[in-house]
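Please read the structure below before turning to the comments.
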Amino acid sequence: MGMVFIGRRLSVEEMAAVLADPTAVDELIYGDLDDEAEMPEPELDLDKSWHGIHYLLTGTAWKIGEGAGAAILGGDEIGQDGGYGPARLLDPNTVRVIATGLDAMDVETLRARFDPDAMAAADIYPAIWANGSDEFDHLMSHFTEVRRFYRAAAGNGQAVLLAIT
């Protein structure tokens with residue numbers, strides 16, 4: 001299956017509950033772990049494109065930038081390690097900054113950062129970048145989802161919970 005990225009918008013009340021009891025993270029992300037049928041649909045599902053999008057936003061494999069650069073790997077770790085690290089929580093103010101940064105990103109900037117050879121050399125997950133423009137188009141469709149997700153969260157004053165599962 002591989003490393004899959006999911007995101008969930010949280011109300012202020014849900015954020016407060018997670019901060020008060022970090023074990024609540026698992027249920028918010030995974031639902032009732034004893035019943036696979038109850039796993040909630042994530043509001044953002046980037047599948048395996050998360051690392052490629054992060055690279056386009058930051059020009060790096062792992063550094064977290066400000067604004068849009070925090071959209072994928074930003075936030076404060078919270079809860080237990082789900083296998084690929086703990087989930088990360090972004091408060092409503094950070095979500096607004098990220099949404100503004102994503103809105104300022106244009107296709108030309110992202111296309112200029114799309115360098116399959118550099119992405120392969122940086123071990124950007126998954127190792128599919130040799131397909132060139134097809135992969136860029138795939139990343140752009142997911143980038144549009146990321147922007148829409150953060151716009152909605154910012155517009156509703158919500159926090160965001162991110163996880164790689």
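Going by the structure tokens order, chains are called A, B, ..., each with residues numbered from 1, while ligands are numbered from 1 in the order shown.
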Leu139 of chain A environment, 7 Å, only C-alpha atoms, sequence neighbours closer than 4 positions dropped, as JSON, numbers by chain: {"A": [49, 52, 53, 135, 143]}
DSSP strand (DSSP E or B) residues within chain A, listed as a PyMOL selection string: chain A and resi 5-10+44-47+76-81+86-90+159-164
Best match for closeness to Val4 of chain A among A:Lys48, A:Lys63, A:Arg96, A:Arg88, counting only C-alpha atoms: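 Between A:Lys48, A:Lys63, A:Arg96, A:Arg88, the residue approaching Val4 of chain A most closely is A:Lys48.
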Contacts of Ile124 of chain A at 12 Å (only C-alpha atoms; same-chain gap of 6+ positions) as an mmCIF file with C-alpha atoms, in the first residue's frame:
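That gives us result_19.cif:
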data_model
loop_
_atom_site.group_PDB
_atom_site.id
_atom_site.type_symbol
_atom_site.label_atom_id
_atom_site.label_comp_id
_atom_site.auth_asym_id
_atom_site.auth_seq_id
_atom_site.Cartn_x
_atom_site.Cartn_y
_atom_site.Cartn_z
ATOM 1 C CA MET A 3 2.710 5.841 2.579
ATOM 2 C CA LYS A 48 1.154 8.863 -2.520
ATOM 3 C CA SER A 49 1.507 12.287 -4.157
ATOM 4 C CA TRP A 50 2.094 14.093 -0.839
ATOM 5 C CA HIS A 51 5.886 14.150 -1.059
ATOM 6 C CA GLY A 52 5.886 15.395 -4.652
ATOM 7 C CA ILE A 53 3.515 18.210 -3.703
ATOM 8 C CA HIS A 54 5.696 19.110 -0.726
ATOM 9 C CA TYR A 55 8.691 19.269 -3.070
ATOM 10 C CA LEU A 56 6.830 21.570 -5.474
ATOM 11 C CA GLY A 59 11.845 22.915 -3.455
ATOM 12 C CA THR A 60 13.137 20.505 -0.790
ATOM 13 C CA ALA A 61 12.558 16.945 0.325
ATOM 14 C CA TRP A 62 11.906 17.562 4.022
ATOM 15 C CA PHE A 114 9.149 20.145 -11.144
ATOM 16 C CA ASP A 115 12.480 18.537 -11.977
ATOM 17 C CA PRO A 116 12.174 14.745 -12.270
ATOM 18 C CA ASP A 117 15.937 14.187 -12.047
ATOM 19 C CA ALA A 118 16.293 16.354 -8.941
ATOM 20 C CA ALA A 130 10.744 9.765 -14.789
#
Best match for closeness to Thr165 of chain A among A:Gly101, A:Gly74, A:Pro22, A:Gly83, counting only C-alpha atoms: A:Gly83
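For the residues A:Thr58, A:Asn156, A:Thr23, A:Ser141, ranking by smallest atom-to-atom distance to Leu46 of chain A using only C-alpha atoms places A:Ser141 first.
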For atom CA of Asp137 of chain A and atom CA of Ala152 of chain A, the interatomic separation in Å (one decimal):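 So the two atoms, atom CA of Asp137 of chain A and atom CA of Ala152 of chain A, lie 22.9 Å apart.
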Point-to-point distance from atom CA of Val18 of chain A to atom CA of Gly75 of chain A, Å rounded to tenths: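 So the answer is 13.7 Å.
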Point-to-point distance in Å for atom CA of Ile128 of chain A and atom CA of Asp76 of chain A: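 Between atom CA of Asp76 of chain A and atom CA of Ile128 of chain A the gap is 29.3 Å.
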Polymer residues at most 12 Å from Gly85 of chain A, only C-alpha atoms, same-chain spacing of 2 or more positions, as JSON, numbers by chain: {"A": [3, 5, 73, 76, 77, 78, 79, 80, 81, 82, 83, 87, 88, 162, 163, 164, 165]}
Option closest in space to Pro126 of chain A, from A:Glu41, A:Ala71, A:Ala154, A:Asp47 [counting only C-alpha atoms]: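 Counting only C-alpha atoms, the residue closest to Pro126 of chain A is A:Asp47.
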Minimum-distance residue to Val146 of chain A, chosen among A:Leu89, A:Ala70, A:Leu102, A:Leu161 (using only C-alpha atoms): A:Leu102
Selected residue, from A:Asp91, A:Pro86, A:Gly132, A:Asp103, that lies nearest to Glu13 of chain A when counting only C-alpha atoms: A:Asp91
Close residues, Leu44 of chain A itself excluded, 8 Å, only C-alpha atoms, min 3 positions apart in chain, as number ranges by chain: A: 6-8, 145-146, 149
Residues of the last selection are to be written out with N, CA and C atoms, as a tab-separated table (two decimals), in the first residue's frame.
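To be explicit, this is the file written out as part.tsv:
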chain	number	residue	atom	x	y	z
A	6	ILE	N	-3.32	11.74	4.48
A	6	ILE	CA	-4.71	12.15	4.66
A	6	ILE	C	-4.78	13.38	5.55
A	7	GLY	N	-5.83	14.14	5.38
A	7	GLY	CA	-6.06	15.32	6.19
A	7	GLY	C	-7.51	15.41	6.61
A	8	ARG	N	-7.73	16.02	7.75
A	8	ARG	CA	-9.08	16.20	8.28
A	8	ARG	C	-9.17	17.59	8.88
A	145	GLU	N	-6.66	20.01	-4.92
A	145	GLU	CA	-7.38	19.48	-3.76
A	145	GLU	C	-6.83	20.08	-2.46
A	146	VAL	N	-5.51	20.18	-2.36
A	146	VAL	CA	-4.88	20.76	-1.17
A	146	VAL	C	-5.36	22.20	-0.99
A	149	PHE	N	-8.99	22.29	0.12
A	149	PHE	CA	-9.09	21.83	1.51
A	149	PHE	C	-8.72	22.95	2.48
